[in-house]
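Here is query-v1.tsv, consisting of TSV, N, CA and C atoms:
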chain	number	residue	atom	x	y	z
A	1	THR	N	-13.19	13.31	12.52
A	1	THR	CA	-12.72	12.78	11.25
A	1	THR	C	-12.76	11.27	11.19
A	2	GLY	N	-13.09	10.62	12.29
A	2	GLY	CA	-13.19	9.16	12.27
A	2	GLY	C	-11.89	8.46	12.61
A	3	ARG	N	-11.96	7.17	12.54
A	3	ARG	CA	-10.82	6.32	12.89
A	3	ARG	C	-10.03	5.99	11.63
A	4	VAL	N	-8.72	6.14	11.73
A	4	VAL	CA	-7.85	5.98	10.56
A	4	VAL	C	-6.83	4.87	10.82
A	5	GLY	N	-6.60	4.07	9.77
A	5	GLY	CA	-5.51	3.11	9.75
A	5	GLY	C	-4.55	3.55	8.66
A	6	THR	N	-3.26	3.44	8.93
A	6	THR	CA	-2.27	3.79	7.91
A	6	THR	C	-1.56	2.52	7.46
A	7	TYR	N	-1.10	2.53	6.22
A	7	TYR	CA	-0.38	1.38	5.68
A	7	TYR	C	0.80	1.88	4.86
A	8	CYS	N	1.98	1.40	5.21
A	8	CYS	CA	3.21	1.75	4.51
A	8	CYS	C	3.91	0.45	4.11
A	9	ARG	N	4.51	0.48	2.91
A	9	ARG	CA	5.16	-0.73	2.39
A	9	ARG	C	6.35	-0.35	1.53
A	10	VAL	N	7.42	-1.14	1.68
A	10	VAL	CA	8.54	-1.11	0.74
A	10	VAL	C	8.71	-2.52	0.19
A	11	SER	N	9.38	-2.62	-0.94
A	11	SER	CA	9.49	-3.90	-1.63
A	11	SER	C	10.60	-4.80	-1.12
A	12	SER	N	11.63	-4.22	-0.52
A	12	SER	CA	12.78	-5.04	-0.14
A	12	SER	C	13.30	-4.70	1.25
A	13	HIS	N	14.01	-5.66	1.83
A	13	HIS	CA	14.63	-5.45	3.14
A	13	HIS	C	15.74	-4.41	3.03
A	14	GLU	N	16.36	-4.32	1.88
A	14	GLU	CA	17.39	-3.30	1.66
A	14	GLU	C	16.78	-1.90	1.80
A	15	GLN	N	15.59	-1.69	1.24
A	15	GLN	CA	14.92	-0.40	1.36
A	15	GLN	C	14.59	-0.10	2.82
A	16	LYS	N	14.18	-1.12	3.55
A	16	LYS	CA	13.88	-0.94	4.97
A	16	LYS	C	15.14	-0.57	5.73
A	17	GLN	N	16.25	-1.28	5.45
A	17	GLN	CA	17.51	-1.00	6.12
A	17	GLN	C	18.01	0.40	5.84
A	18	LYS	N	17.73	0.92	4.66
A	18	LYS	CA	18.13	2.28	4.29
A	18	LYS	C	17.22	3.33	4.93
A	19	GLY	N	16.17	2.89	5.61
A	19	GLY	CA	15.28	3.81	6.31
A	19	GLY	C	14.09	4.28	5.49
A	20	ASP	N	13.91	3.72	4.28
A	20	ASP	CA	12.81	4.15	3.42
A	20	ASP	C	11.44	3.92	4.06
A	21	LEU	N	11.28	2.78	4.71
A	21	LEU	CA	9.99	2.45	5.33
A	21	LEU	C	9.70	3.39	6.50
A	22	GLU	N	10.70	3.63	7.30
A	22	GLU	CA	10.53	4.52	8.44
A	22	GLU	C	10.20	5.95	7.99
A	23	ARG	N	10.88	6.43	6.96
A	23	ARG	CA	10.59	7.77	6.44
A	23	ARG	C	9.19	7.85	5.84
A	24	GLN	N	8.81	6.82	5.10
A	24	GLN	CA	7.46	6.78	4.52
A	24	GLN	C	6.42	6.85	5.63
A	25	ASN	N	6.60	6.05	6.66
A	25	ASN	CA	5.66	6.03	7.78
A	25	ASN	C	5.62	7.40	8.46
A	26	GLY	N	6.77	8.03	8.60
A	26	GLY	CA	6.82	9.36	9.20
A	26	GLY	C	6.04	10.39	8.40
A	27	ARG	N	6.17	10.34	7.07
A	27	ARG	CA	5.43	11.27	6.21
A	27	ARG	C	3.93	11.03	6.32
A	28	VAL	N	3.53	9.77	6.33
A	28	VAL	CA	2.09	9.44	6.40
A	28	VAL	C	1.52	9.89	7.76
A	29	LEU	N	2.24	9.60	8.84
A	29	LEU	CA	1.74	9.99	10.16
A	29	LEU	C	1.71	11.51	10.32
A	30	ALA	N	2.73	12.20	9.78
A	30	ALA	CA	2.74	13.67	9.84
A	30	ALA	C	1.55	14.24	9.08
A	31	TYR	N	1.23	13.65	7.94
A	31	TYR	CA	0.06	14.07	7.17
A	31	TYR	C	-1.21	13.90	7.99
A	32	CYS	N	-1.34	12.75	8.67
A	32	CYS	CA	-2.53	12.48	9.48
A	32	CYS	C	-2.66	13.49	10.61
A	33	VAL	N	-1.55	13.82	11.25
A	33	VAL	CA	-1.57	14.82	12.33
A	33	VAL	C	-2.03	16.16	11.77
A	34	LYS	N	-1.48	16.54	10.63
A	34	LYS	CA	-1.83	17.82	9.99
A	34	LYS	C	-3.32	17.88	9.65
A	35	GLN	N	-3.88	16.73	9.24
A	35	GLN	CA	-5.30	16.67	8.88
A	35	GLN	C	-6.21	16.53	10.10
A	36	GLY	N	-5.62	16.28	11.28
A	36	GLY	CA	-6.41	16.10	12.49
A	36	GLY	C	-7.03	14.72	12.60
A	37	TYR	N	-6.45	13.74	11.91
A	37	TYR	CA	-6.99	12.37	11.93
A	37	TYR	C	-6.60	11.65	13.22
A	38	HIS	N	-7.47	10.77	13.65
A	38	HIS	CA	-7.21	9.91	14.81
A	38	HIS	C	-6.73	8.55	14.29
A	39	VAL	N	-5.42	8.30	14.35
A	39	VAL	CA	-4.84	7.05	13.86
A	39	VAL	C	-4.98	5.99	14.94
A	40	VAL	N	-5.72	4.93	14.61
A	40	VAL	CA	-5.91	3.84	15.58
A	40	VAL	C	-4.94	2.70	15.35
A	41	LYS	N	-4.44	2.56	14.12
A	41	LYS	CA	-3.50	1.48	13.83
A	41	LYS	C	-2.64	1.89	12.64
A	42	SER	N	-1.33	1.60	12.77
A	42	SER	CA	-0.38	1.93	11.72
A	42	SER	C	0.38	0.65	11.35
A	43	PHE	N	0.37	0.33	10.06
A	43	PHE	CA	1.04	-0.88	9.58
A	43	PHE	C	2.25	-0.52	8.74
A	44	GLU	N	3.35	-1.24	8.95
A	44	GLU	CA	4.56	-1.14	8.13
A	44	GLU	C	4.89	-2.54	7.65
A	45	GLU	N	5.23	-2.66	6.35
A	45	GLU	CA	5.45	-3.99	5.80
A	45	GLU	C	6.51	-3.96	4.71
A	46	VAL	N	7.25	-5.08	4.62
A	46	VAL	CA	8.19	-5.32	3.53
A	46	VAL	C	7.61	-6.43	2.67
A	47	GLY	N	7.43	-6.16	1.39
A	47	GLY	CA	6.89	-7.18	0.49
A	47	GLY	C	6.50	-6.59	-0.84
A	48	SER	N	6.32	-7.44	-1.79
A	48	SER	CA	5.95	-7.02	-3.13
A	48	SER	C	4.51	-6.51	-3.16
A	49	GLY	N	4.29	-5.45	-3.91
A	49	GLY	CA	2.95	-4.93	-4.10
A	49	GLY	C	2.08	-5.85	-4.93
A	50	MET	N	2.69	-6.88	-5.51
A	50	MET	CA	1.94	-7.85	-6.30
A	50	MET	C	1.57	-9.07	-5.48
A	51	CYS	N	2.06	-9.16	-4.26
A	51	CYS	CA	1.78	-10.30	-3.38
A	51	CYS	C	0.52	-10.00	-2.58
A	52	ASP	N	-0.47	-10.84	-2.69
A	52	ASP	CA	-1.74	-10.60	-2.00
A	52	ASP	C	-1.84	-11.31	-0.66
A	53	THR	N	-0.76	-11.93	-0.20
A	53	THR	CA	-0.79	-12.64	1.08
A	53	THR	C	0.03	-11.92	2.16
A	54	ARG	N	0.31	-10.64	1.96
A	54	ARG	CA	1.09	-9.88	2.95
A	54	ARG	C	0.32	-9.84	4.27
A	55	SER	N	1.00	-10.19	5.35
A	55	SER	CA	0.32	-10.33	6.65
A	55	SER	C	-0.26	-9.02	7.17
A	56	LYS	N	0.45	-7.93	7.02
A	56	LYS	CA	-0.05	-6.64	7.52
A	56	LYS	C	-1.23	-6.16	6.67
A	57	LEU	N	-1.19	-6.44	5.38
A	57	LEU	CA	-2.33	-6.10	4.52
A	57	LEU	C	-3.56	-6.89	4.94
A	58	GLN	N	-3.35	-8.18	5.28
A	58	GLN	CA	-4.45	-9.01	5.75
A	58	GLN	C	-5.03	-8.46	7.06
A	59	GLN	N	-4.16	-7.97	7.93
A	59	GLN	CA	-4.62	-7.35	9.18
A	59	GLN	C	-5.43	-6.08	8.90
A	60	LEU	N	-5.00	-5.33	7.91
A	60	LEU	CA	-5.75	-4.14	7.51
A	60	LEU	C	-7.14	-4.53	7.01
A	61	PHE	N	-7.20	-5.60	6.21
A	61	PHE	CA	-8.50	-6.09	5.73
A	61	PHE	C	-9.42	-6.44	6.89
A	62	LYS	N	-8.87	-7.03	7.95
A	62	LYS	CA	-9.69	-7.38	9.12
A	62	LYS	C	-10.26	-6.14	9.79
A	63	LEU	N	-9.43	-5.10	9.91
A	63	LEU	CA	-9.93	-3.84	10.48
A	63	LEU	C	-11.07	-3.29	9.65
A	64	VAL	N	-10.92	-3.36	8.33
A	64	VAL	CA	-11.97	-2.88	7.43
A	64	VAL	C	-13.23	-3.73	7.58
A	65	SER	N	-13.07	-5.04	7.53
A	65	SER	CA	-14.21	-5.96	7.63
A	65	SER	C	-14.96	-5.82	8.95
A	66	ASN	N	-14.21	-5.58	10.02
A	66	ASN	CA	-14.81	-5.44	11.35
A	66	ASN	C	-15.28	-4.02	11.64
A	67	LYS	N	-15.16	-3.14	10.63
A	67	LYS	CA	-15.59	-1.74	10.75
A	67	LYS	C	-14.92	-1.04	11.92
A	68	GLU	N	-13.62	-1.34	12.10
A	68	GLU	CA	-12.85	-0.71	13.17
A	68	GLU	C	-12.17	0.58	12.72
A	69	ILE	N	-12.19	0.85	11.41
A	69	ILE	CA	-11.64	2.09	10.88
A	69	ILE	C	-12.61	2.65	9.83
A	70	ASP	N	-12.46	3.96	9.59
A	70	ASP	CA	-13.29	4.64	8.62
A	70	ASP	C	-12.50	5.09	7.39
A	71	LYS	N	-11.18	5.09	7.52
A	71	LYS	CA	-10.33	5.57	6.44
A	71	LYS	C	-8.98	4.89	6.52
A	72	VAL	N	-8.40	4.63	5.34
A	72	VAL	CA	-7.03	4.12	5.23
A	72	VAL	C	-6.21	5.20	4.53
A	73	VAL	N	-5.09	5.54	5.12
A	73	VAL	CA	-4.21	6.55	4.53
A	73	VAL	C	-2.89	5.87	4.12
A	74	VAL	N	-2.52	6.08	2.87
A	74	VAL	CA	-1.26	5.57	2.32
A	74	VAL	C	-0.55	6.72	1.62
A	75	GLU	N	0.74	6.53	1.37
A	75	GLU	CA	1.47	7.58	0.67
A	75	GLU	C	1.11	7.60	-0.81
A	76	HIS	N	1.08	6.44	-1.43
A	76	HIS	CA	0.71	6.30	-2.84
A	76	HIS	C	-0.21	5.09	-2.96
A	77	LYS	N	-1.07	5.10	-3.97
A	77	LYS	CA	-1.97	3.97	-4.17
A	77	LYS	C	-1.21	2.65	-4.32
A	78	ASP	N	-0.04	2.68	-4.94
A	78	ASP	CA	0.68	1.44	-5.19
A	78	ASP	C	1.29	0.83	-3.93
A	79	ARG	N	1.18	1.50	-2.80
A	79	ARG	CA	1.63	0.89	-1.55
A	79	ARG	C	0.68	-0.23	-1.15
A	80	LEU	N	-0.59	-0.11	-1.51
A	80	LEU	CA	-1.56	-1.18	-1.22
A	80	LEU	C	-1.44	-2.30	-2.23
A	81	THR	N	-1.37	-1.96	-3.52
A	81	THR	CA	-1.30	-2.98	-4.56
A	81	THR	C	-0.74	-2.36	-5.83
A	82	ARG	N	-0.03	-3.17	-6.59
A	82	ARG	CA	0.51	-2.70	-7.86
A	82	ARG	C	-0.54	-2.69	-8.96
A	83	PHE	N	-1.49	-3.61	-8.87
A	83	PHE	CA	-2.51	-3.73	-9.90
A	83	PHE	C	-3.88	-3.87	-9.25
A	84	ASN	N	-4.90	-3.58	-10.02
A	84	ASN	CA	-6.28	-3.77	-9.60
A	84	ASN	C	-6.64	-3.00	-8.34
A	85	PHE	N	-6.15	-1.78	-8.24
A	85	PHE	CA	-6.46	-0.93	-7.10
A	85	PHE	C	-7.98	-0.79	-6.92
A	86	GLU	N	-8.70	-0.72	-8.02
A	86	GLU	CA	-10.14	-0.49	-7.94
A	86	GLU	C	-10.86	-1.60	-7.20
A	87	PHE	N	-10.35	-2.84	-7.26
A	87	PHE	CA	-10.95	-3.93	-6.48
A	87	PHE	C	-10.86	-3.63	-4.99
A	88	LEU	N	-9.67	-3.21	-4.55
A	88	LEU	CA	-9.51	-2.88	-3.13
A	88	LEU	C	-10.38	-1.70	-2.76
A	89	ASN	N	-10.41	-0.71	-3.62
A	89	ASN	CA	-11.21	0.47	-3.35
A	89	ASN	C	-12.69	0.10	-3.18
A	90	GLN	N	-13.20	-0.78	-4.04
A	90	GLN	CA	-14.59	-1.22	-3.94
A	90	GLN	C	-14.85	-2.04	-2.68
A	91	PHE	N	-13.90	-2.91	-2.33
A	91	PHE	CA	-14.03	-3.70	-1.10
A	91	PHE	C	-14.09	-2.77	0.11
A	92	PHE	N	-13.16	-1.83	0.19
A	92	PHE	CA	-13.13	-0.92	1.33
A	92	PHE	C	-14.41	-0.09	1.36
A	93	ALA	N	-14.83	0.42	0.21
A	93	ALA	CA	-16.05	1.25	0.13
A	93	ALA	C	-17.29	0.46	0.56
A	94	SER	N	-17.30	-0.83	0.27
A	94	SER	CA	-18.46	-1.66	0.67
A	94	SER	C	-18.57	-1.76	2.19
A	95	HIS	N	-17.50	-1.40	2.89
A	95	HIS	CA	-17.50	-1.38	4.36
A	95	HIS	C	-17.44	0.07	4.87
A	96	ASP	N	-17.77	1.00	3.98
A	96	ASP	CA	-17.76	2.44	4.32
A	96	ASP	C	-16.39	2.94	4.76
A	97	VAL	N	-15.34	2.41	4.14
A	97	VAL	CA	-13.98	2.83	4.42
A	97	VAL	C	-13.42	3.49	3.17
A	98	GLU	N	-12.88	4.67	3.35
A	98	GLU	CA	-12.29	5.45	2.25
A	98	GLU	C	-10.78	5.23	2.21
A	99	ILE	N	-10.22	5.17	1.02
A	99	ILE	CA	-8.76	5.13	0.86
A	99	ILE	C	-8.31	6.52	0.44
A	100	GLU	N	-7.36	7.05	1.18
A	100	GLU	CA	-6.81	8.37	0.87
A	100	GLU	C	-5.31	8.24	0.69
A	101	TRP	N	-4.78	8.76	-0.39
A	101	TRP	CA	-3.34	8.73	-0.59
A	101	TRP	C	-2.84	10.16	-0.60
A	102	ILE	N	-1.66	10.36	-0.03
A	102	ILE	CA	-1.16	11.72	0.17
A	102	ILE	C	-0.23	12.18	-0.94
A	103	GLY	N	0.31	11.26	-1.70
A	103	GLY	CA	1.24	11.65	-2.75
A	103	GLY	C	0.83	11.09	-4.09
A	104	GLU	N	0.92	11.90	-5.07
A	104	GLU	CA	0.64	11.46	-6.43
A	104	GLU	C	1.71	12.06	-7.31
A	105	VAL	N	2.33	11.26	-8.13
A	105	VAL	CA	3.38	11.74	-9.01
A	105	VAL	C	2.71	12.60	-10.08
A	106	LEU	N	3.07	13.86	-10.12
A	106	LEU	CA	2.48	14.77	-11.09
A	106	LEU	C	3.09	14.55	-12.46
A	107	GLY	N	2.26	14.68	-13.45
A	107	GLY	CA	2.75	14.61	-14.82
A	107	GLY	C	3.06	13.21	-15.30
A	108	LYS	N	2.64	12.18	-14.57
A	108	LYS	CA	2.90	10.81	-15.01
A	108	LYS	C	1.96	10.50	-16.17
A	109	THR	N	2.55	10.16	-17.29
A	109	THR	CA	1.76	9.88	-18.48
A	109	THR	C	1.27	8.44	-18.46
A	110	TYR	N	0.31	8.18	-19.33
A	110	TYR	CA	-0.19	6.82	-19.50
A	110	TYR	C	0.96	5.89	-19.87
A	111	GLU	N	1.83	6.37	-20.76
A	111	GLU	CA	2.97	5.55	-21.20
A	111	GLU	C	3.91	5.24	-20.04
A	112	ALA	N	4.15	6.24	-19.19
A	112	ALA	CA	5.04	6.03	-18.04
A	112	ALA	C	4.45	5.01	-17.08
A	113	GLU	N	3.14	5.10	-16.84
A	113	GLU	CA	2.49	4.12	-15.98
A	113	GLU	C	2.55	2.73	-16.59
A	114	LEU	N	2.38	2.62	-17.90
A	114	LEU	CA	2.43	1.34	-18.58
A	114	LEU	C	3.82	0.72	-18.45
A	115	VAL	N	4.86	1.50	-18.65
A	115	VAL	CA	6.24	1.01	-18.52
A	115	VAL	C	6.49	0.55	-17.08
A	116	GLU	N	6.01	1.32	-16.11
A	116	GLU	CA	6.18	0.95	-14.71
A	116	GLU	C	5.49	-0.39	-14.41
A	117	ASP	N	4.28	-0.56	-14.93
A	117	ASP	CA	3.55	-1.82	-14.73
A	117	ASP	C	4.28	-2.99	-15.39
A	118	MET	N	4.80	-2.77	-16.60
A	118	MET	CA	5.51	-3.84	-17.30
A	118	MET	C	6.77	-4.24	-16.54
A	119	LEU	N	7.50	-3.27	-16.01
A	119	LEU	CA	8.70	-3.57	-15.24
A	119	LEU	C	8.35	-4.35	-13.96
A	120	SER	N	7.25	-3.99	-13.34
A	120	SER	CA	6.82	-4.72	-12.14
A	120	SER	C	6.50	-6.17	-12.46
A	121	LEU	N	5.80	-6.39	-13.57
A	121	LEU	CA	5.48	-7.75	-13.98
A	121	LEU	C	6.74	-8.54	-14.30
A	122	MET	N	7.65	-7.94	-15.05
A	122	MET	CA	8.90	-8.64	-15.40
A	122	MET	C	9.69	-8.99	-14.15
A	123	SER	N	9.73	-8.08	-13.20
A	123	SER	CA	10.44	-8.34	-11.96
A	123	SER	C	9.80	-9.49	-11.20
A	124	SER	N	8.49	-9.50	-11.13
A	124	SER	CA	7.78	-10.57	-10.43
A	124	SER	C	8.04	-11.93	-11.08
A	125	PHE	N	7.93	-11.99	-12.39
A	125	PHE	CA	8.15	-13.26	-13.08
A	125	PHE	C	9.59	-13.72	-12.95
A	126	SER	N	10.52	-12.78	-12.98
A	126	SER	CA	11.93	-13.14	-12.80
A	126	SER	C	12.16	-13.76	-11.44
A	127	MET	N	11.55	-13.17	-10.41
A	127	MET	CA	11.71	-13.71	-9.06
A	127	MET	C	11.12	-15.10	-8.95
A	128	LYS	N	9.99	-15.33	-9.60
A	128	LYS	CA	9.40	-16.66	-9.59
A	128	LYS	C	10.31	-17.67	-10.25
A	129	ILE	N	10.89	-17.28	-11.36
A	129	ILE	CA	11.77	-18.18	-12.10
A	129	ILE	C	12.96	-18.60	-11.26
A	130	ILE	N	13.54	-17.68	-10.53
A	130	ILE	CA	14.72	-18.02	-9.74
A	130	ILE	C	14.37	-18.49	-8.33
A	131	GLY	N	13.07	-18.60	-8.05
A	131	GLY	CA	12.63	-19.20	-6.78
A	131	GLY	C	12.65	-18.29	-5.59
A	132	ASN	N	12.60	-16.98	-5.79
A	132	ASN	CA	12.65	-16.07	-4.67
A	132	ASN	C	11.30	-15.47	-4.29
A	133	MET	N	10.22	-15.93	-4.87
A	133	MET	CA	8.93	-15.31	-4.61
A	133	MET	C	8.55	-15.40	-3.14
A	134	GLU	N	8.87	-16.49	-2.47
A	134	GLU	CA	8.53	-16.62	-1.07
A	134	GLU	C	9.22	-15.54	-0.23
A	135	LYS	N	10.45	-15.18	-0.59
A	135	LYS	CA	11.19	-14.17	0.15
A	135	LYS	C	10.54	-12.80	-0.01
A	136	VAL	N	9.96	-12.54	-1.16
A	136	VAL	CA	9.35	-11.24	-1.44
A	136	VAL	C	8.05	-11.09	-0.68
A	137	CYS	N	7.25	-12.13	-0.65
A	137	CYS	CA	5.96	-12.07	0.05
A	137	CYS	C	6.22	-12.21	1.53
Rendering of file as C-alpha cells:
Amino acid sequence: TGRVGTYCRVSSHEQKQKGDLERQNGRVLAYCVKQGYHVVKSFEEVGSGMCDTRSKLQQLFKLVSNKEIDKVVVEHKDRLTRFNFEFLNQFFASHDVEIEWIGEVLGKTYEAELVEDMLSLMSSFSMKIIGNMEKVC
C-alpha cells in the first residue's frame, strides 16, 4: 500500500488538553492499521487551519516534496486547511501523493459549509484584531 504519513490538528491548546488531538490521532492510526497501511511518519499539531506556517504541516510538505510518502491520511479535509483544499491536493498529486480522509460529515449542505467557512473567517479576523494570531499559528 505504500508509505503513509498522517496529519492530525486541533485549533487550540484547550482542545489538546481535553485529549481531542490524542483521540483524533488514535482514530487515524487505527484506520491505517485496519487498511494495512505502513505509517512512516505521524504528525500532531495545534494551530489554526487558516495558518499556512504551521511547522508540522511544513514538515509534511517536505516529506511530499522529497517523495518519502505516497499517501497522506487525515480525519477530515479541514485538518490540513480550512480553505483552498484543492491547491494542496494538486500540490500533493504533482508529487504522486494521494490525500485520503477517513471522516466526512454526512448530510452537510452547501449552506452549512458556507456558514462554517464564514465563522472561521470571522474568528480569524477577530484574533488578528486582538493580536492573538501569533498564538494560534
Next on the checklist: I'd like to know which residues of stretch 7-71 of chain A are alpha helix (DSSP H) (by DSSP, run on the backbone); could you write them as a PyMOL selection string?
Outcome noted: chain A and resi 13-17+20-35+55-65
Item to check | Residue among A:Val64, A:Ile69, A:Val33, A:Cys51 lying closest to A:Phe91, counting all atoms listed in the file | outcome: A:Val64
Checklist entry - Mind checking DSSP for stretch 8-121 of chain A and telling me the strand (DSSP E or B) residues as a PyMOL selection string? => result chain A and resi 8-10+38-46+71-74+98-101
Item to check | Using all atoms listed in the file: which of A:Thr53, A:Arg9, A:Met118, A:Leu29 has the shortest distance to A:Asp78 | outcome: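 Between A:Thr53, A:Arg9, A:Met118, A:Leu29, the residue approaching A:Asp78 most closely is A:Arg9.
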Checklist entry - Within 12 Å of stretch 94-101 of chain A, counting only C-alpha atoms, which residues qualify if same-chain residues fewer than 2 places away don't, as number ranges by chain? => result A: 1-8, 27-29, 31-32, 35, 37, 60-80, 85-92, 103-105
Could you take the residues named above and write them with N, CA and C atoms, as a CSV table (one decimal), in the coordinates of the input?
chain,number,residue,atom,x,y,z
A,1,THR,N,-13.2,13.3,12.5
A,1,THR,CA,-12.7,12.8,11.2
A,1,THR,C,-12.8,11.3,11.2
A,2,GLY,N,-13.1,10.6,12.3
A,2,GLY,CA,-13.2,9.2,12.3
A,2,GLY,C,-11.9,8.5,12.6
A,3,ARG,N,-12.0,7.2,12.5
A,3,ARG,CA,-10.8,6.3,12.9
A,3,ARG,C,-10.0,6.0,11.6
A,4,VAL,N,-8.7,6.1,11.7
A,4,VAL,CA,-7.8,6.0,10.6
A,4,VAL,C,-6.8,4.9,10.8
A,5,GLY,N,-6.6,4.1,9.8
A,5,GLY,CA,-5.5,3.1,9.8
A,5,GLY,C,-4.6,3.6,8.7
A,6,THR,N,-3.3,3.4,8.9
A,6,THR,CA,-2.3,3.8,7.9
A,6,THR,C,-1.6,2.5,7.5
A,7,TYR,N,-1.1,2.5,6.2
A,7,TYR,CA,-0.4,1.4,5.7
A,7,TYR,C,0.8,1.9,4.9
A,8,CYS,N,2.0,1.4,5.2
A,8,CYS,CA,3.2,1.8,4.5
A,8,CYS,C,3.9,0.4,4.1
A,27,ARG,N,6.2,10.3,7.1
A,27,ARG,CA,5.4,11.3,6.2
A,27,ARG,C,3.9,11.0,6.3
A,28,VAL,N,3.5,9.8,6.3
A,28,VAL,CA,2.1,9.4,6.4
A,28,VAL,C,1.5,9.9,7.8
A,29,LEU,N,2.2,9.6,8.8
A,29,LEU,CA,1.7,10.0,10.2
A,29,LEU,C,1.7,11.5,10.3
A,31,TYR,N,1.2,13.6,7.9
A,31,TYR,CA,0.1,14.1,7.2
A,31,TYR,C,-1.2,13.9,8.0
A,32,CYS,N,-1.3,12.8,8.7
A,32,CYS,CA,-2.5,12.5,9.5
A,32,CYS,C,-2.7,13.5,10.6
A,35,GLN,N,-3.9,16.7,9.2
A,35,GLN,CA,-5.3,16.7,8.9
A,35,GLN,C,-6.2,16.5,10.1
A,37,TYR,N,-6.4,13.7,11.9
A,37,TYR,CA,-7.0,12.4,11.9
A,37,TYR,C,-6.6,11.6,13.2
A,60,LEU,N,-5.0,-5.3,7.9
A,60,LEU,CA,-5.8,-4.1,7.5
A,60,LEU,C,-7.1,-4.5,7.0
A,61,PHE,N,-7.2,-5.6,6.2
A,61,PHE,CA,-8.5,-6.1,5.7
A,61,PHE,C,-9.4,-6.4,6.9
A,62,LYS,N,-8.9,-7.0,8.0
A,62,LYS,CA,-9.7,-7.4,9.1
A,62,LYS,C,-10.3,-6.1,9.8
A,63,LEU,N,-9.4,-5.1,9.9
A,63,LEU,CA,-9.9,-3.8,10.5
A,63,LEU,C,-11.1,-3.3,9.6
A,64,VAL,N,-10.9,-3.4,8.3
A,64,VAL,CA,-12.0,-2.9,7.4
A,64,VAL,C,-13.2,-3.7,7.6
A,65,SER,N,-13.1,-5.0,7.5
A,65,SER,CA,-14.2,-6.0,7.6
A,65,SER,C,-15.0,-5.8,9.0
A,66,ASN,N,-14.2,-5.6,10.0
A,66,ASN,CA,-14.8,-5.4,11.4
A,66,ASN,C,-15.3,-4.0,11.6
A,67,LYS,N,-15.2,-3.1,10.6
A,67,LYS,CA,-15.6,-1.7,10.8
A,67,LYS,C,-14.9,-1.0,11.9
A,68,GLU,N,-13.6,-1.3,12.1
A,68,GLU,CA,-12.8,-0.7,13.2
A,68,GLU,C,-12.2,0.6,12.7
A,69,ILE,N,-12.2,0.8,11.4
A,69,ILE,CA,-11.6,2.1,10.9
A,69,ILE,C,-12.6,2.6,9.8
A,70,ASP,N,-12.5,4.0,9.6
A,70,ASP,CA,-13.3,4.6,8.6
A,70,ASP,C,-12.5,5.1,7.4
A,71,LYS,N,-11.2,5.1,7.5
A,71,LYS,CA,-10.3,5.6,6.4
A,71,LYS,C,-9.0,4.9,6.5
A,72,VAL,N,-8.4,4.6,5.3
A,72,VAL,CA,-7.0,4.1,5.2
A,72,VAL,C,-6.2,5.2,4.5
A,73,VAL,N,-5.1,5.5,5.1
A,73,VAL,CA,-4.2,6.6,4.5
A,73,VAL,C,-2.9,5.9,4.1
A,74,VAL,N,-2.5,6.1,2.9
A,74,VAL,CA,-1.3,5.6,2.3
A,74,VAL,C,-0.6,6.7,1.6
A,75,GLU,N,0.7,6.5,1.4
A,75,GLU,CA,1.5,7.6,0.7
A,75,GLU,C,1.1,7.6,-0.8
A,76,HIS,N,1.1,6.4,-1.4
A,76,HIS,CA,0.7,6.3,-2.8
A,76,HIS,C,-0.2,5.1,-3.0
A,77,LYS,N,-1.1,5.1,-4.0
A,77,LYS,CA,-2.0,4.0,-4.2
A,77,LYS,C,-1.2,2.6,-4.3
A,78,ASP,N,0.0,2.7,-4.9
A,78,ASP,CA,0.7,1.4,-5.2
A,78,ASP,C,1.3,0.8,-3.9
A,79,ARG,N,1.2,1.5,-2.8
A,79,ARG,CA,1.6,0.9,-1.6
A,79,ARG,C,0.7,-0.2,-1.2
A,80,LEU,N,-0.6,-0.1,-1.5
A,80,LEU,CA,-1.6,-1.2,-1.2
A,80,LEU,C,-1.4,-2.3,-2.2
A,85,PHE,N,-6.2,-1.8,-8.2
A,85,PHE,CA,-6.5,-0.9,-7.1
A,85,PHE,C,-8.0,-0.8,-6.9
A,86,GLU,N,-8.7,-0.7,-8.0
A,86,GLU,CA,-10.1,-0.5,-7.9
A,86,GLU,C,-10.9,-1.6,-7.2
A,87,PHE,N,-10.4,-2.8,-7.3
A,87,PHE,CA,-11.0,-3.9,-6.5
A,87,PHE,C,-10.9,-3.6,-5.0
A,88,LEU,N,-9.7,-3.2,-4.6
A,88,LEU,CA,-9.5,-2.9,-3.1
A,88,LEU,C,-10.4,-1.7,-2.8
A,89,ASN,N,-10.4,-0.7,-3.6
A,89,ASN,CA,-11.2,0.5,-3.4
A,89,ASN,C,-12.7,0.1,-3.2
A,90,GLN,N,-13.2,-0.8,-4.0
A,90,GLN,CA,-14.6,-1.2,-3.9
A,90,GLN,C,-14.8,-2.0,-2.7
A,91,PHE,N,-13.9,-2.9,-2.3
A,91,PHE,CA,-14.0,-3.7,-1.1
A,91,PHE,C,-14.1,-2.8,0.1
A,92,PHE,N,-13.2,-1.8,0.2
A,92,PHE,CA,-13.1,-0.9,1.3
A,92,PHE,C,-14.4,-0.1,1.4
A,103,GLY,N,0.3,11.3,-1.7
A,103,GLY,CA,1.2,11.6,-2.8
A,103,GLY,C,0.8,11.1,-4.1
A,104,GLU,N,0.9,11.9,-5.1
A,104,GLU,CA,0.6,11.5,-6.4
A,104,GLU,C,1.7,12.1,-7.3
A,105,VAL,N,2.3,11.3,-8.1
A,105,VAL,CA,3.4,11.7,-9.0
A,105,VAL,C,2.7,12.6,-10.1
Checklist entry - How many Å lie between atom CA of A:Asn84 and atom CA of A:Leu57, rounded to one decimal? => result 14.8 Å
Item to check | Atomic separation - atom CA of A:Gln58 relative to atom CA of A:Phe43, Å | outcome: 10.5 Å
Checklist outcome for this item: atom C of A:Gln15 to atom CA of A:Gly36 measures 28.2 Å
Take every atom of stretch 92-104 of chain A listed in the file, fit an axis-aligned box around them, add 6 Å per side, and give the centre and edge lengths in Å to one decimal as JSON.
{"center_x": -8.4, "center_y": 5.2, "center_z": -1.2, "size_x": 32.3, "size_y": 26.0, "size_z": 24.2}
Item to check | Counting all atoms listed in the file, the option among A:Arg23, A:Val10, A:Ala30, A:Met122 closest to A:Glu44 | outcome: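 Closest to A:Glu44 of all the choices is A:Val10.
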